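Student: So here's entry-v4.csv (CSV, C-alpha atoms).
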```
chain,number,residue,atom,x,y,z
A,1,ASP,CA,3.9,0.2,-10.3
A,2,ALA,CA,7.5,-0.8,-10.6
A,3,PRO,CA,8.4,-4.5,-10.2
A,4,HIS,CA,11.7,-4.1,-8.2
A,5,ASN,CA,13.7,-1.4,-6.4
A,6,ALA,CA,12.8,2.2,-7.0
A,7,VAL,CA,16.2,3.9,-6.1
A,8,LEU,CA,19.5,2.1,-6.2
A,9,TYR,CA,22.5,4.2,-5.1
A,10,GLY,CA,26.1,4.1,-4.2
A,11,GLY,CA,28.9,6.6,-3.6
A,12,ASN,CA,29.2,9.4,-1.2
A,13,GLU,CA,27.5,12.5,0.1
A,14,HIS,CA,24.2,12.0,-1.6
A,15,ARG,CA,21.0,13.5,-0.2
A,16,PHE,CA,17.6,12.0,-0.9
A,17,GLU,CA,14.9,14.2,0.5
A,18,ARG,CA,11.1,14.8,0.3
A,19,ASN,CA,10.4,11.9,-2.1
A,20,GLU,CA,7.1,10.0,-2.1
A,21,ILE,CA,7.6,6.3,-3.2
A,22,TYR,CA,4.8,3.8,-3.4
A,23,ARG,CA,3.7,0.7,-5.3
A,24,VAL,CA,7.2,-0.5,-6.0
A,25,VAL,CA,8.8,-4.0,-5.4
A,26,MET,CA,5.5,-5.3,-6.8
A,27,GLU,CA,6.8,-8.4,-8.4
A,28,THR,CA,10.0,-9.3,-6.5
A,29,GLY,CA,11.5,-9.5,-3.0
A,30,ASP,CA,14.8,-9.0,-1.2
A,31,ALA,CA,14.5,-5.4,-2.5
A,32,GLY,CA,13.5,-2.0,-1.3
A,33,ALA,CA,12.2,1.5,-2.2
A,34,PHE,CA,15.8,2.7,-1.5
A,35,TYR,CA,18.6,0.1,-1.9
A,36,THR,CA,22.3,0.2,-1.4
A,37,GLY,CA,24.8,-2.4,-0.2
A,38,ARG,CA,28.1,-4.1,0.3
A,39,ASP,CA,30.4,-1.1,0.7
A,40,TRP,CA,32.1,0.4,3.7
A,41,THR,CA,33.1,3.5,1.8
A,42,SER,CA,29.7,4.8,0.6
A,43,GLN,CA,29.6,7.2,3.5
A,44,GLY,CA,27.9,10.5,4.1
A,45,ASN,CA,24.6,9.7,2.4
A,46,ILE,CA,21.4,11.2,3.9
A,47,LEU,CA,17.9,9.9,3.4
A,48,ARG,CA,15.5,12.4,5.0
A,49,HIS,CA,11.9,13.3,5.0
A,50,ASN,CA,10.8,10.6,2.4
A,51,PHE,CA,7.3,9.0,2.5
A,52,ILE,CA,7.4,5.3,1.6
A,53,HIS,CA,4.1,3.5,1.5
A,54,ASN,CA,2.1,0.7,0.1
A,55,LEU,CA,4.9,-1.4,-1.2
A,56,GLY,CA,4.5,-4.8,-2.7
A,57,GLY,CA,4.1,-7.8,-0.4
A,58,GLY,CA,7.1,-9.9,-1.5
A,59,ASP,CA,7.5,-13.1,0.5
A,60,ASP,CA,5.0,-12.5,3.3
A,61,LYS,CA,6.6,-15.3,5.5
A,62,HIS,CA,10.0,-13.5,5.6
A,63,VAL,CA,8.8,-9.9,5.0
A,64,ASN,CA,11.5,-9.4,2.3
A,65,THR,CA,10.1,-6.1,1.0
A,66,MET,CA,12.0,-3.1,2.6
A,67,GLY,CA,11.4,0.6,2.8
A,68,ILE,CA,15.1,1.5,3.1
A,69,TYR,CA,17.4,-1.4,2.6
A,70,LEU,CA,21.1,-1.1,3.6
A,71,ASP,CA,22.3,-4.5,2.5
A,72,ASP,CA,25.4,-6.6,3.3
A,73,CYS,CA,27.4,-4.4,5.8
A,74,ASP,CA,26.8,-1.1,4.0
A,75,CYS,CA,28.0,1.8,6.2
A,76,GLY,CA,27.5,5.5,6.5
A,77,ASP,CA,23.9,6.3,5.7
A,78,THR,CA,21.8,8.6,7.9
A,79,LEU,CA,18.1,7.7,8.0
A,80,GLU,CA,16.2,10.6,9.5
A,81,GLY,CA,12.7,11.9,9.5
A,82,ASN,CA,11.3,9.3,7.1
A,83,VAL,CA,7.7,8.1,7.1
A,84,PHE,CA,6.8,4.5,6.4
A,85,TYR,CA,3.2,3.3,6.0
A,86,ARG,CA,2.5,-0.3,5.0
A,87,ALA,CA,6.1,-0.6,3.8
A,88,GLY,CA,7.1,-4.2,4.8
A,89,ARG,CA,10.3,-4.2,6.8
A,90,ALA,CA,10.6,-0.5,7.1
A,91,LEU,CA,14.2,0.1,8.1
A,92,MET,CA,16.7,-2.7,7.2
A,93,ILE,CA,20.4,-2.6,8.3
A,94,GLY,CA,22.0,-5.8,7.1
A,95,GLY,CA,25.1,-5.9,9.3
A,96,GLY,CA,26.4,-2.4,8.6
A,97,ARG,CA,27.8,0.4,10.8
A,98,ASP,CA,27.5,4.1,11.3
A,99,ASN,CA,23.9,4.3,10.1
A,100,PRO,CA,22.0,6.6,12.4
A,101,VAL,CA,18.3,5.9,12.7
A,102,LEU,CA,16.7,9.1,13.8
A,103,ASN,CA,13.2,10.6,14.2
A,104,ASN,CA,11.5,8.2,11.8
A,105,LEU,CA,7.8,7.4,11.9
A,106,VAL,CA,6.7,3.8,11.1
A,107,VAL,CA,3.0,3.0,10.9
A,108,ASP,CA,1.3,-0.3,10.0
A,109,CYS,CA,4.4,-2.2,9.0
A,110,PRO,CA,5.1,-5.8,9.9
A,111,ILE,CA,8.6,-5.0,11.1
A,112,GLY,CA,9.8,-1.6,12.1
A,113,LEU,CA,13.6,-1.9,12.4
A,114,HIS,CA,15.8,-4.8,11.4
A,115,ILE,CA,19.5,-5.0,12.4
A,116,ASP,CA,21.5,-8.3,11.9
A,117,SER,CA,25.0,-9.5,12.3
A,118,ARG,CA,25.8,-11.0,9.0
A,119,GLY,CA,29.3,-9.6,9.0
A,120,MET,CA,30.0,-11.8,12.1
A,121,THR,CA,28.4,-15.0,10.7
A,122,TRP,CA,28.5,-15.2,6.9
A,123,LYS,CA,31.6,-17.1,5.7
A,124,HIS,CA,32.1,-15.1,2.6
A,125,TRP,CA,32.8,-11.8,4.5
A,126,ASN,CA,36.2,-10.6,3.1
A,127,ASN,CA,36.3,-13.9,1.0
A,128,THR,CA,38.8,-13.4,-1.9
A,129,ASN,CA,36.8,-15.9,-3.9
A,130,ASP,CA,33.9,-13.3,-3.9
A,131,PRO,CA,35.6,-9.9,-4.5
A,132,SER,CA,32.3,-8.0,-4.0
A,133,TRP,CA,32.5,-9.1,-0.4
A,134,CYS,CA,36.1,-8.0,0.2
A,135,LEU,CA,35.0,-4.9,2.0
A,136,ASP,CA,38.4,-3.9,3.4
A,137,ALA,CA,40.2,-4.5,0.1
A,138,LYS,CA,37.6,-2.4,-1.7
A,139,ALA,CA,38.1,0.4,0.8
A,140,ARG,CA,41.9,0.1,0.6
A,141,ALA,CA,41.6,0.9,-3.1
A,142,PHE,CA,40.7,4.4,-2.0
A,143,ASN,CA,43.5,4.6,0.6
A,144,TYR,CA,40.8,5.2,3.1
A,145,THR,CA,43.1,5.4,6.2
A,146,GLN,CA,44.7,8.6,4.8
A,147,PRO,CA,43.4,12.1,4.0
A,148,PRO,CA,41.0,13.2,2.7
A,149,TRP,CA,39.1,10.0,3.6
A,150,SER,CA,40.4,9.7,7.1
A,151,VAL,CA,39.6,13.4,7.8
A,152,ARG,CA,36.1,13.2,6.5
A,153,TYR,CA,35.3,9.7,7.8
A,154,PRO,CA,37.5,9.1,10.9
A,155,ARG,CA,35.5,6.1,12.1
A,156,LEU,CA,35.8,4.4,8.7
A,157,ALA,CA,39.6,5.0,8.9
A,158,ALA,CA,39.7,3.1,12.2
A,159,ILE,CA,37.3,0.4,11.3
A,160,MET,CA,39.8,-2.5,11.3
A,161,ASN,CA,40.8,-1.7,14.9
A,162,ASP,CA,37.1,-1.5,16.1
A,163,SER,CA,35.6,-5.0,15.7
A,164,PRO,CA,34.9,-4.5,12.0
A,165,ARG,CA,32.5,-7.4,11.7
A,166,GLU,CA,30.2,-6.1,14.4
A,167,PRO,CA,27.2,-3.9,13.4
A,168,LEU,CA,28.2,-1.0,15.7
A,169,HIS,CA,27.6,2.7,15.9
A,170,ASN,CA,24.0,2.7,14.7
A,171,PRO,CA,22.3,5.1,17.1
A,172,ILE,CA,18.5,4.6,17.3
A,173,ARG,CA,16.9,7.8,18.7
A,174,ARG,CA,13.5,9.5,18.6
A,175,ASN,CA,11.7,7.0,16.4
A,176,VAL,CA,8.0,6.1,16.7
A,177,PHE,CA,6.6,2.7,15.7
A,178,VAL,CA,2.9,2.3,15.5
A,179,ASP,CA,1.1,-1.0,15.3
A,180,CYS,CA,4.0,-3.2,14.0
A,181,THR,CA,2.3,-6.5,13.4
A,182,ARG,CA,5.4,-8.8,13.9
A,183,LYS,CA,8.3,-7.0,15.5
A,184,VAL,CA,9.1,-3.5,16.4
A,185,CYS,CA,12.8,-4.3,16.4
A,186,ASP,CA,14.0,-7.5,14.7
A,187,PHE,CA,17.5,-8.1,16.2
A,188,ASP,CA,19.3,-11.4,15.8
A,189,GLY,CA,21.1,-13.1,18.7
A,190,ASN,CA,24.4,-11.4,18.2
A,191,VAL,CA,22.9,-8.0,18.0
A,192,LYS,CA,21.0,-8.6,21.2
A,193,LYS,CA,24.3,-9.4,22.9
A,194,LEU,CA,25.8,-6.2,21.6
A,195,LEU,CA,22.9,-3.9,22.6
A,196,ASP,CA,25.0,-2.5,25.5
A,197,LYS,CA,27.2,-0.9,22.9
A,198,PHE,CA,24.3,0.6,21.1
A,199,GLU,CA,22.9,4.1,21.7
A,200,ILE,CA,19.2,3.6,21.9
A,201,ALA,CA,17.1,6.4,23.4
A,202,ASP,CA,13.8,8.3,23.3
A,203,ASN,CA,11.9,5.8,21.1
A,204,LEU,CA,8.1,5.0,21.3
A,205,ALA,CA,6.2,1.8,20.5
A,206,VAL,CA,2.5,2.3,20.2
A,207,ASN,CA,-0.3,-0.3,20.2
A,208,THR,CA,-3.3,1.8,19.4
A,209,SER,CA,-6.0,-0.7,20.3
A,210,GLY,CA,-4.2,-2.7,23.0
A,211,ALA,CA,-4.4,-5.8,20.9
A,212,THR,CA,-2.6,-8.8,22.5
A,213,ASN,CA,-2.6,-10.8,19.3
A,214,GLY,CA,-0.8,-9.5,16.2
A,215,ILE,CA,0.7,-6.3,17.5
A,216,ALA,CA,4.3,-6.3,18.6
A,217,THR,CA,6.0,-4.5,21.4
A,218,ALA,CA,9.6,-3.5,22.1
A,219,GLU,CA,9.6,-5.0,25.6
A,220,GLY,CA,13.0,-5.8,26.9
A,221,ILE,CA,14.8,-3.3,24.6
A,222,LYS,CA,16.3,-0.3,26.3
A,223,GLY,CA,15.4,3.2,25.1
A,224,PHE,CA,11.8,2.5,24.4
A,225,ALA,CA,8.6,3.8,26.0
A,226,HIS,CA,5.3,2.0,25.3
A,227,LEU,CA,1.8,3.4,24.8
A,228,ALA,CA,-1.3,1.2,24.5
A,229,GLY,CA,-5.0,1.9,24.1
A,230,THR,CA,-7.9,-0.4,24.4
A,231,ALA,CA,-10.5,-1.7,21.9
A,232,ASP,CA,-13.0,0.7,23.5
A,233,LYS,CA,-10.6,3.6,23.7
A,234,PRO,CA,-7.9,3.4,21.1
A,235,VAL,CA,-4.9,5.7,21.2
A,236,GLU,CA,-5.4,8.8,19.0
A,237,LEU,CA,-1.9,10.1,18.1
A,238,GLY,CA,-3.1,13.1,16.1
A,239,PHE,CA,-2.6,12.1,12.5
A,240,ALA,CA,-4.5,14.1,10.0
A,241,ASP,CA,-6.1,11.0,8.3
A,242,ARG,CA,-4.3,7.8,9.0
A,243,ALA,CA,-6.8,5.6,7.1
A,244,ALA,CA,-6.1,7.7,4.0
A,245,GLY,CA,-2.3,7.6,4.5
A,246,ASP,CA,-2.1,11.3,5.6
A,247,LEU,CA,0.3,11.0,8.5
A,248,ALA,CA,0.8,14.7,9.1
A,249,LEU,CA,0.4,15.6,12.8
A,250,ARG,CA,-2.3,18.0,13.8
A,251,ARG,CA,-1.6,20.8,16.2
A,252,GLY,CA,-1.4,19.5,19.7
A,253,ALA,CA,-1.0,15.9,18.6
A,254,ARG,CA,-0.7,13.4,21.4
A,255,LEU,CA,2.3,11.8,19.8
A,256,LEU,CA,4.3,15.0,20.5
A,257,LYS,CA,3.2,15.0,24.1
A,258,GLU,CA,4.1,11.3,24.6
A,259,LEU,CA,7.5,11.8,22.9
A,260,PRO,CA,8.6,15.5,23.2
A,261,ALA,CA,11.9,14.7,21.6
A,262,PHE,CA,10.2,13.8,18.3
A,263,GLU,CA,10.6,16.5,15.7
A,264,PRO,CA,7.5,17.0,13.5
A,265,ILE,CA,8.2,15.8,9.9
A,266,PRO,CA,7.2,18.3,7.2
A,267,PHE,CA,4.7,15.9,5.6
A,268,ASP,CA,3.1,18.6,3.5
A,269,LYS,CA,6.4,19.3,1.8
A,270,ILE,CA,7.0,15.7,0.7
A,271,GLY,CA,6.3,14.6,-2.9
A,272,LEU,CA,5.3,16.4,-6.1
A,273,TYR,CA,4.6,20.1,-6.0
A,274,LYS,CA,2.9,22.5,-8.3
A,275,ASP,CA,5.0,24.6,-10.7
A,276,ALA,CA,4.8,26.0,-14.2
A,277,TYR,CA,5.0,22.5,-15.6
A,278,ARG,CA,2.7,20.7,-13.2
A,279,ARG,CA,-0.5,22.5,-12.6
A,280,ARG,CA,-2.3,19.7,-10.9
A,281,LEU,CA,-1.2,17.0,-8.4
A,282,PRO,CA,-2.5,13.4,-8.2
A,283,ALA,CA,-4.4,12.7,-5.0
A,284,ARG,CA,-2.2,11.4,-2.2
A,285,GLY,CA,-3.3,7.9,-1.4
A,286,SER,CA,-3.9,6.9,-5.0
A,287,GLY,CA,-1.2,4.3,-4.5
A,288,ALA,CA,-3.2,2.5,-1.8
A,289,LEU,CA,-3.4,-1.3,-2.3
```
Could you quickly redo this structure as structure tokens?
Tutor:
Amino acid sequence: DAPHNAVLYGGNEHRFERNEIYRVVMETGDAGAFYTGRDWTSQGNILRHNFIHNLGGGDDKHVNTMGIYLDDCDCGDTLEGNVFYRAGRALMIGGGRDNPVLNNLVVDCPIGLHIDSRGMTWKHWNNTNDPSWCLDAKARAFNYTQPPWSVRYPRLAAIMNDSPREPLHNPIRRNVFVDCTRKVCDFDGNVKKLLDKFEIADNLAVNTSGATNGIATAEGIKGFAHLAGTADKPVELGFADRAAGDLALRRGARLLKELPAFEPIPFDKIGLYKDAYRRRLPARGSGAL
């Protein structure tokens, strides 16, 4: 029941794993369960196997509640194996680079994945009148083109010679999007023109009931397969109990047959666990809206 972001982070080589976050961003918008932004150098962070669900609604018109929010050209975060359920704009990359989007599961979210080109279009990019936006200058303070930075992050070291304003090197692989109500992929015009430079492969968009009104597809975007059921015969992907928010996959789940490249997410390992100090656990789904 938090009003704003749950986890704000910056810096390098952090790992956020197996957290359950729900009922946050309950009173604000332009915020997320995880939030970071406006830094090329915050590289090497991994967000893996987190369950983000039942977030606040924010501004429904613009869907400005995010599951994972990489704001204002932030770079170098790996988003892998996370589960999003009723989590607004699940994955948000605001113009950044080198952010792999791998093996995530998005269910019942208005927008699955957002990538925009604000680095190409916003006038205050590298504007000295707004030092927080001077991304190259902030990176030069770390001498980022020299070791150890250039050794650990070679793509960062070469960024100024590689169309630095373009949101490149964000591979999108092995993700599953189920019943996104507005857009599976929300790409602006510049991003659509750059898709030939993107690595997009082995993704699946699912419309469980075959609805033609209110369920989005990824038609026209390379690297996506589609699966649709009907009102009489909806697609059963093999979740343990989707209605209750239990998105663990049962043995032999159809999802794994439709997308063999998808790696099962250890859903039962996410969140609180019993130990000497916590003898009982709250029921999962208690955060449902």
Student: If you take all atoms listed in the file and a cut-off of 7 Å, which residues of range 149-183 of chain A touch range 194-207 of chain A, and what are their nearest atom pairs and distances in Å to one decimal, in chain and number order, as a tab-separated table?
Tutor:
```
residue	atom	partner	partner_atom	distance
A:Leu168	CA	A:Phe198	CA	6.9
A:His169	CA	A:Phe198	CA	6.5
A:Asn170	CA	A:Phe198	CA	6.7
A:Pro171	CA	A:Glu199	CA	4.7
A:Ile172	CA	A:Ile200	CA	4.8
A:Arg173	CA	A:Ala201	CA	4.9
A:Arg174	CA	A:Asn203	CA	4.7
A:Asn175	CA	A:Asn203	CA	4.9
A:Val176	CA	A:Leu204	CA	4.7
A:Phe177	CA	A:Ala205	CA	4.9
A:Val178	CA	A:Val206	CA	4.7
A:Asp179	CA	A:Asn207	CA	5.1
```
Student: Would you kindly return, as an MDAnalysis selection string, each protein, DNA or RNA residue with an atom no farther than 9 Å from any atom of range 10-26 of chain A, considering all atoms listed in the file and excluding same-chain residues fewer than 3 positions away?
Tutor: chainID A and resid 1:6 29:33 35:37 39 41:58 65:66 76 82 87 266:267 269:272 287:289
Student: Would you mind reading off the distance between CA of Arg165 in chain A and CA of Asn127 in chain A, one decimal, in Å?
Tutor: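 Taking CA of Arg165 in chain A and CA of Asn127 in chain A, their separation equals 13.1 Å.
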Student: Just to confirm, what's the straight-line distance from CA of Tyr144 in chain A to CA of Ile115 in chain A in Å (one decimal)?
Tutor: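 Between these atoms lies a distance of 25.4 Å.
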Student: Rank A:Arg254, A:Arg38, A:His124, A:Lys233 by their smallest atom-to-atom distance to Ala211 in chain A, using only C-alpha atoms, and report the top residue only.
Tutor: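 Smallest separation from Ala211 in chain A among the options: A:Lys233.
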Student: Neighbours of Asn99 in chain A within 7 Å (all atoms listed in the file; same-chain residues fewer than 2 positions away dropped), as an MDAnalysis selection string?
Tutor: chainID A and resid 75:78 97 101 170
Student: Would you put the residues from that selection into a file with C-alpha atoms, as a PDB file, keeping the file's coordinate frame?
Tutor:
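After the write, part-v3.pdb holds the following:
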```pdb
ATOM      1  CA  CYS A  75      28.000   1.800   6.200  1.00  0.00           C
ATOM      2  CA  GLY A  76      27.500   5.500   6.500  1.00  0.00           C
ATOM      3  CA  ASP A  77      23.900   6.300   5.700  1.00  0.00           C
ATOM      4  CA  THR A  78      21.800   8.600   7.900  1.00  0.00           C
ATOM      5  CA  ARG A  97      27.800   0.400  10.800  1.00  0.00           C
ATOM      6  CA  VAL A 101      18.300   5.900  12.700  1.00  0.00           C
ATOM      7  CA  ASN A 170      24.000   2.700  14.700  1.00  0.00           C
TER       8      ASN A 170
END
```
Student: Could the centre and edge lengths of an axis-aligned box, enclosing all atoms of range 125-141 of chain A in the file with 3 Å extra on each side, be given in Å to one decimal as JSON?
Tutor:
```
{"center_x": 37.1, "center_y": -7.5, "center_z": 0.0, "size_x": 15.6, "size_y": 22.8, "size_z": 15.0}
```
Student: Gly238 in chain A: which residues within 9 Å, counting only C-alpha atoms, same-chain residues fewer than 3 positions away excluded, as a PyMOL selection string?
Tutor: chain A and resi 241-242+247-256
Student: Could you work out how far CA of Val184 in chain A lies from CA of Thr217 in chain A, giving the answer in Å with one decimal?
Tutor: 6.0 Å
Student: Rank A:Glu27, A:Asp136, A:Asp162, A:Asp268 by their smallest atom-to-atom distance to Trp40 in chain A, using only C-alpha atoms, and report the top residue only.
Tutor: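 Among the listed residues, the smallest separation from Trp40 in chain A belongs to A:Asp136.
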Student: I want to know what sits within 7 Å of Glu166 in chain A, based on all atoms listed in the file, with residues of the same chain fewer than 3 positions away left out; could you give that as a list of chain:residue names?
Tutor: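 My reading of the contact set: A:Ser117, A:Gly119, A:Met120, A:Ser163.
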Student: Which protein, DNA or RNA residues have an atom at most 8 Å from (15.4, 0.2, 9.1), counting only C-alpha atoms? List them as number ranges by chain.
Tutor: A: 67-69, 89-93, 101, 112-115
Student: Of the candidates A:Ala158, A:Leu105, A:Asp72, A:Val7, which one gets nearest to Glu263 in chain A if we count all atoms listed in the file?
Tutor: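 Residue with the minimum atom-to-atom distance to Glu263 in chain A: A:Leu105.
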Student: Counting only C-alpha atoms, which residue out of A:Asp116, A:Arg280, A:Phe239, A:Pro147 sits closest to Pro264 in chain A?
Tutor: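 Selected residue with least distance to Pro264 in chain A: A:Phe239.
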Student: Might you pull out every residue within 6 Å of Cys180 in chain A, with all atoms listed in the file counted and same-chain residues fewer than 5 positions away left off, and present them as a list in words?
Tutor: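 Residues meeting the cut-off are Asp108, Cys109, Pro110, Ile111, Ile215 and Ala216 of chain A.
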Student: Please determine, counting all atoms listed in the file, which residue among A:Trp133, A:Ser209, A:Thr181, A:Gly94 has the shortest atom-to-atom distance to Ala231 in chain A.
Tutor: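 Of A:Trp133, A:Ser209, A:Thr181, A:Gly94, the one nearest Ala231 in chain A is A:Ser209, counting all atoms listed in the file.
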